[in-house]
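To start, the structure itself, in structure tokens.
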Amino acid sequence: MVFKSQMNQALEEARAAAGRGEVPVGAVIVAPDGRVVASAGNRTRELNDPTAHAEILAIRAACAAAGSERLSGHDLYVTLEPCPMCAAAIAFARIERLYYGASDPKSGGVAHGPQVFDHAQTHHVPEVYDGLAAEDSAALLRAFFGARRGKGTTPGA
Ligand SMILES: [Zn+2]
């Protein structure tokens, strides 16, 4: 099968999240047969749920679609380096490949901070590919936080 990045759809989800006043992060999950089975953007404010990150919402939807708590063979695209919570969820879900856009030195948990996948205790380590459409992803975040600067909002995705 020819590799087809779904990062553009993840970016669309990120833009939609920004339009809802959410931190602009989007995620897409692709089944082993190449179908997109879930896509989501952040909804922490809308749902009053600090765990409602794009990756978590996409994993929940993809698991429901698969009728399984595991997503073996699935790929996850996300516009920003996953935080430690999402990285742990990606490991629990047995995601096969993780593609992410911008790196997140402040809140990331893959290449930064806890570096979740490097821990011996991690159940499953996906293949990780970073830097896909990183500049587009970072520009969305900069625009979002630039517009809100001084309004007392807390970053974090
Ligand atoms: Zn997260």
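Going through the structure tokens in order, the chains are called A, B, and so on, while each chain numbers its residues from 1 and the ligands are numbered from 1 in the order shown.
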
Need the shell around Leu140 (chain A): protein/DNA/RNA residues with any atom at most 9 Å away, counting only C-alpha atoms. Skip same-chain ones fewer than 3 positions apart. Format as a ChimeraX atom specification? /A:11,14-15,18,24-25,135-137,143-145

Using only C-alpha atoms and all ligand atoms, what are the residues with an atom within 12 Å of ligand 1, set out as a CSV table (one decimal) with N, CA and C atoms, in the first residue's frame?
chain,number,residue,atom,x,y,z
A,23,VAL,N,-7.4,24.7,22.4
A,23,VAL,CA,-6.1,24.7,21.9
A,23,VAL,C,-6.0,23.9,20.6
A,24,PRO,N,-5.4,24.5,19.5
A,24,PRO,CA,-5.5,23.8,18.2
A,24,PRO,C,-4.6,22.6,18.0
A,25,VAL,N,-5.1,21.5,18.4
A,25,VAL,CA,-4.4,20.2,18.2
A,25,VAL,C,-5.4,19.3,17.6
A,26,GLY,N,-5.0,18.6,16.5
A,26,GLY,CA,-5.9,17.6,15.9
A,26,GLY,C,-5.2,16.3,15.7
A,27,ALA,N,-6.1,15.2,15.7
A,27,ALA,CA,-5.5,13.8,15.6
A,27,ALA,C,-6.4,13.0,14.7
A,41,GLY,N,-10.4,16.8,17.4
A,41,GLY,CA,-9.6,18.0,17.9
A,41,GLY,C,-9.8,18.1,19.4
A,42,ASN,N,-9.0,18.9,20.1
A,42,ASN,CA,-9.2,19.1,21.5
A,42,ASN,C,-10.6,19.6,21.8
A,43,ARG,N,-11.1,19.1,22.9
A,43,ARG,CA,-12.4,19.5,23.4
A,43,ARG,C,-12.4,19.7,25.0
A,44,THR,N,-11.3,20.0,25.5
A,44,THR,CA,-11.2,20.1,27.0
A,44,THR,C,-12.2,21.1,27.6
A,49,ASP,N,-13.3,18.7,30.5
A,49,ASP,CA,-12.6,17.4,30.7
A,49,ASP,C,-11.2,17.6,30.4
A,50,PRO,N,-10.3,17.7,31.4
A,50,PRO,CA,-8.9,17.9,31.1
A,50,PRO,C,-8.2,16.7,30.3
A,51,THR,N,-8.9,15.6,30.2
A,51,THR,CA,-8.4,14.5,29.4
A,51,THR,C,-8.9,14.5,28.0
A,52,ALA,N,-9.7,15.4,27.6
A,52,ALA,CA,-10.3,15.4,26.3
A,52,ALA,C,-9.3,16.0,25.2
A,53,HIS,N,-8.1,15.5,25.2
A,53,HIS,CA,-7.1,15.9,24.2
A,53,HIS,C,-7.5,15.2,22.9
A,54,ALA,N,-7.1,15.7,21.8
A,54,ALA,CA,-7.4,15.2,20.5
A,54,ALA,C,-7.0,13.7,20.4
A,55,GLU,N,-5.9,13.3,20.9
A,55,GLU,CA,-5.4,11.9,20.8
A,55,GLU,C,-6.4,11.0,21.6
A,56,ILE,N,-6.7,11.4,22.8
A,56,ILE,CA,-7.6,10.6,23.6
A,56,ILE,C,-9.0,10.4,23.0
A,57,LEU,N,-9.5,11.5,22.5
A,57,LEU,CA,-10.8,11.4,21.8
A,57,LEU,C,-10.8,10.5,20.6
A,58,ALA,N,-9.7,10.6,19.8
A,58,ALA,CA,-9.6,9.8,18.6
A,58,ALA,C,-9.4,8.3,19.0
A,59,ILE,N,-8.6,8.1,20.0
A,59,ILE,CA,-8.4,6.7,20.5
A,59,ILE,C,-9.7,6.1,20.9
A,78,VAL,N,-1.0,13.2,14.7
A,78,VAL,CA,-1.4,14.3,15.6
A,78,VAL,C,-0.5,15.5,15.3
A,79,THR,N,-1.0,16.7,15.4
A,79,THR,CA,-0.3,17.9,14.9
A,79,THR,C,0.8,18.3,15.9
A,80,LEU,N,0.7,17.9,17.1
A,80,LEU,CA,1.6,18.3,18.2
A,80,LEU,C,2.2,17.1,18.9
A,81,GLU,N,3.4,17.1,19.3
A,81,GLU,CA,4.0,16.1,20.1
A,81,GLU,C,3.0,15.7,21.3
A,82,PRO,N,2.7,14.5,21.4
A,82,PRO,CA,1.7,14.1,22.5
A,82,PRO,C,2.3,14.4,23.9
A,83,CYS,N,1.4,14.8,24.8
A,83,CYS,CA,1.7,15.0,26.2
A,83,CYS,C,2.0,13.6,26.9
A,84,PRO,N,2.4,13.6,28.1
A,84,PRO,CA,2.7,12.3,28.7
A,84,PRO,C,1.4,11.4,28.9
A,85,MET,N,0.3,12.1,29.1
A,85,MET,CA,-1.0,11.3,29.3
A,85,MET,C,-1.3,10.6,27.9
A,86,CYS,N,-1.2,11.4,26.9
A,86,CYS,CA,-1.6,10.8,25.6
A,86,CYS,C,-0.6,9.8,25.1
A,87,ALA,N,0.7,10.0,25.4
A,87,ALA,CA,1.7,9.0,25.0
A,87,ALA,C,1.4,7.7,25.7
A,88,ALA,N,1.1,7.8,27.0
A,88,ALA,CA,0.7,6.6,27.8
A,88,ALA,C,-0.5,5.9,27.1
A,89,ALA,N,-1.5,6.7,26.8
A,89,ALA,CA,-2.7,6.1,26.1
A,89,ALA,C,-2.4,5.4,24.8
A,90,ILE,N,-1.4,6.1,24.1
A,90,ILE,CA,-1.0,5.5,22.8
A,90,ILE,C,-0.3,4.1,23.0
A,104,ASP,N,7.0,19.8,21.2
A,104,ASP,CA,6.5,20.5,22.3
A,104,ASP,C,7.4,20.5,23.5
A,107,SER,N,5.3,20.9,27.0
A,107,SER,CA,4.4,19.9,27.5
A,107,SER,C,4.5,18.6,26.9
A,108,GLY,N,5.4,18.3,26.0
A,108,GLY,CA,5.5,17.1,25.3
A,108,GLY,C,6.0,16.0,26.2
A,109,GLY,N,5.6,14.7,25.9
A,109,GLY,CA,6.0,13.6,26.7
A,109,GLY,C,6.7,12.5,25.9
A,110,VAL,N,7.1,12.8,24.6
A,110,VAL,CA,7.7,11.8,23.8
A,110,VAL,C,9.2,12.0,23.6
A,156,GLY,N,-1.3,24.5,27.0
A,156,GLY,CA,-1.2,23.1,27.4
A,156,GLY,C,-2.1,22.3,26.5
A,157,ALA,N,-1.6,21.2,25.9
A,157,ALA,CA,-2.4,20.4,25.0
A,157,ALA,C,-2.1,19.0,25.2

DSSP on the backbone, alpha helix (DSSP H) only: what residues of region 53-142 of chain A does that give? Format it as a ChimeraX atom specification. /A:54-66,84-92,134-142

From a DSSP pass on the backbone, collect the residues of chain A flagged as strand (DSSP E or B) and hand them back as a PyMOL selection string. chain A and resi 26-30+36-41+75-80+97-102+127-129

Please write the residues from the selection above to a file, keeping C-alpha atoms, as a compact mmCIF listing (two decimals), in the first residue's frame.
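Below you can see out-v7.txt, which holds the result:
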# COMPACT_ATOMS: atom_id res chain seq x y z
CA GLY A 26 -5.91 17.61 15.89
CA ALA A 27 -5.53 13.84 15.60
CA VAL A 28 -6.48 11.18 13.05
CA ILE A 29 -6.35 7.38 13.36
CA VAL A 30 -5.96 5.13 10.35
CA VAL A 36 -9.56 6.82 8.54
CA VAL A 37 -11.54 5.47 11.50
CA ALA A 38 -11.38 8.45 13.84
CA SER A 39 -10.49 12.11 13.82
CA ALA A 40 -10.78 14.64 16.61
CA GLY A 41 -9.61 17.95 17.94
CA ASP A 75 -1.51 4.63 12.87
CA LEU A 76 -2.10 7.88 14.74
CA TYR A 77 -1.39 11.31 13.27
CA VAL A 78 -1.36 14.28 15.61
CA THR A 79 -0.32 17.86 14.93
CA LEU A 80 1.63 18.29 18.16
CA ARG A 97 2.95 4.08 14.28
CA LEU A 98 2.84 7.61 15.67
CA TYR A 99 3.29 10.56 13.33
CA TYR A 100 3.40 13.99 14.89
CA GLY A 101 3.97 17.55 13.72
CA ALA A 102 5.41 20.22 15.95
CA GLU A 127 7.32 3.59 15.70
CA VAL A 128 7.63 7.37 16.00
CA TYR A 129 7.97 9.81 13.11

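Excluding Glu69 (chain A) itself and any same-chain residue fewer than 3 positions from it, the protein and nucleic acid residues within 12 Å of it, counting only C-alpha atoms, are Ile59, Arg60, Ala61, Ala62, Cys63, Ala64, Ala65, Ala66, Ser72, Ala89, Ile90, Ala91, Phe92, Ala93, Arg94 and Ile95 of chain A.
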
Export of the given selection (N, CA and C atoms) as a short mmCIF file (atom, residue, chain, number, x, y, z; two decimals), in the first residue's frame:
data_model
loop_
_atom_site.label_atom_id
_atom_site.label_comp_id
_atom_site.auth_asym_id
_atom_site.auth_seq_id
_atom_site.Cartn_x
_atom_site.Cartn_y
_atom_site.Cartn_z
N ILE A 59 -8.59 8.06 20.02
CA ILE A 59 -8.38 6.66 20.46
C ILE A 59 -9.71 6.06 20.93
N ARG A 60 -10.48 6.82 21.68
CA ARG A 60 -11.78 6.31 22.15
C ARG A 60 -12.68 5.96 20.98
N ALA A 61 -12.74 6.87 19.99
CA ALA A 61 -13.61 6.65 18.84
C ALA A 61 -13.13 5.46 18.01
N ALA A 62 -11.81 5.36 17.84
CA ALA A 62 -11.28 4.25 17.03
C ALA A 62 -11.48 2.91 17.73
N CYS A 63 -11.34 2.88 19.04
CA CYS A 63 -11.58 1.64 19.80
C CYS A 63 -13.05 1.24 19.70
N ALA A 64 -13.93 2.23 19.78
CA ALA A 64 -15.36 1.94 19.65
C ALA A 64 -15.64 1.36 18.26
N ALA A 65 -15.02 1.95 17.23
CA ALA A 65 -15.22 1.48 15.86
C ALA A 65 -14.67 0.07 15.68
N ALA A 66 -13.54 -0.21 16.35
CA ALA A 66 -12.90 -1.52 16.21
C ALA A 66 -13.54 -2.56 17.13
N SER A 72 -4.10 -2.44 17.46
CA SER A 72 -2.93 -3.01 16.80
C SER A 72 -2.99 -2.72 15.31
N ALA A 89 -1.50 6.66 26.76
CA ALA A 89 -2.70 6.09 26.14
C ALA A 89 -2.35 5.43 24.80
N ILE A 90 -1.44 6.05 24.06
CA ILE A 90 -1.00 5.49 22.77
C ILE A 90 -0.33 4.13 23.00
N ALA A 91 0.46 4.04 24.06
CA ALA A 91 1.10 2.76 24.39
C ALA A 91 0.06 1.73 24.80
N PHE A 92 -0.89 2.13 25.65
CA PHE A 92 -1.93 1.19 26.09
C PHE A 92 -2.76 0.70 24.91
N ALA A 93 -3.00 1.58 23.95
CA ALA A 93 -3.83 1.23 22.79
C ALA A 93 -3.07 0.39 21.77
N ARG A 94 -1.76 0.25 21.97
CA ARG A 94 -0.92 -0.54 21.06
C ARG A 94 -0.90 0.05 19.65
N ILE A 95 -0.95 1.38 19.57
CA ILE A 95 -0.84 2.05 18.27
C ILE A 95 0.48 1.63 17.61
#

Best match for closeness to Arg70 (chain A) among A:Glu96, A:Asp118, A:Asp130, A:Glu13, counting only C-alpha atoms: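 Selected residue with least distance to Arg70 (chain A): A:Glu96.
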
Please report the interatomic distance between CA of Ser5 (chain A) and CA of Thr122 (chain A) in Å with one decimal.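 CA of Ser5 (chain A) sits 26.4 Å away from CA of Thr122 (chain A).
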
What is the distance between CA of Ala10 (chain A) and CA of Pro32 (chain A), in Å to one decimal?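 It comes out at 17.8 Å.
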
Pairwise distance for CA of Arg142 (chain A) and CA of Glu46 (chain A), rounded to one decimal in Å: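 Computed distance, CA of Arg142 (chain A) to CA of Glu46 (chain A), equals 21.1 Å.
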
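With only C-alpha atoms as the atoms that count, the residue of A:Gly34, A:Ser103, A:Gln6, A:Glu22 with the shortest distance to Asn48 (chain A) is A:Glu22.
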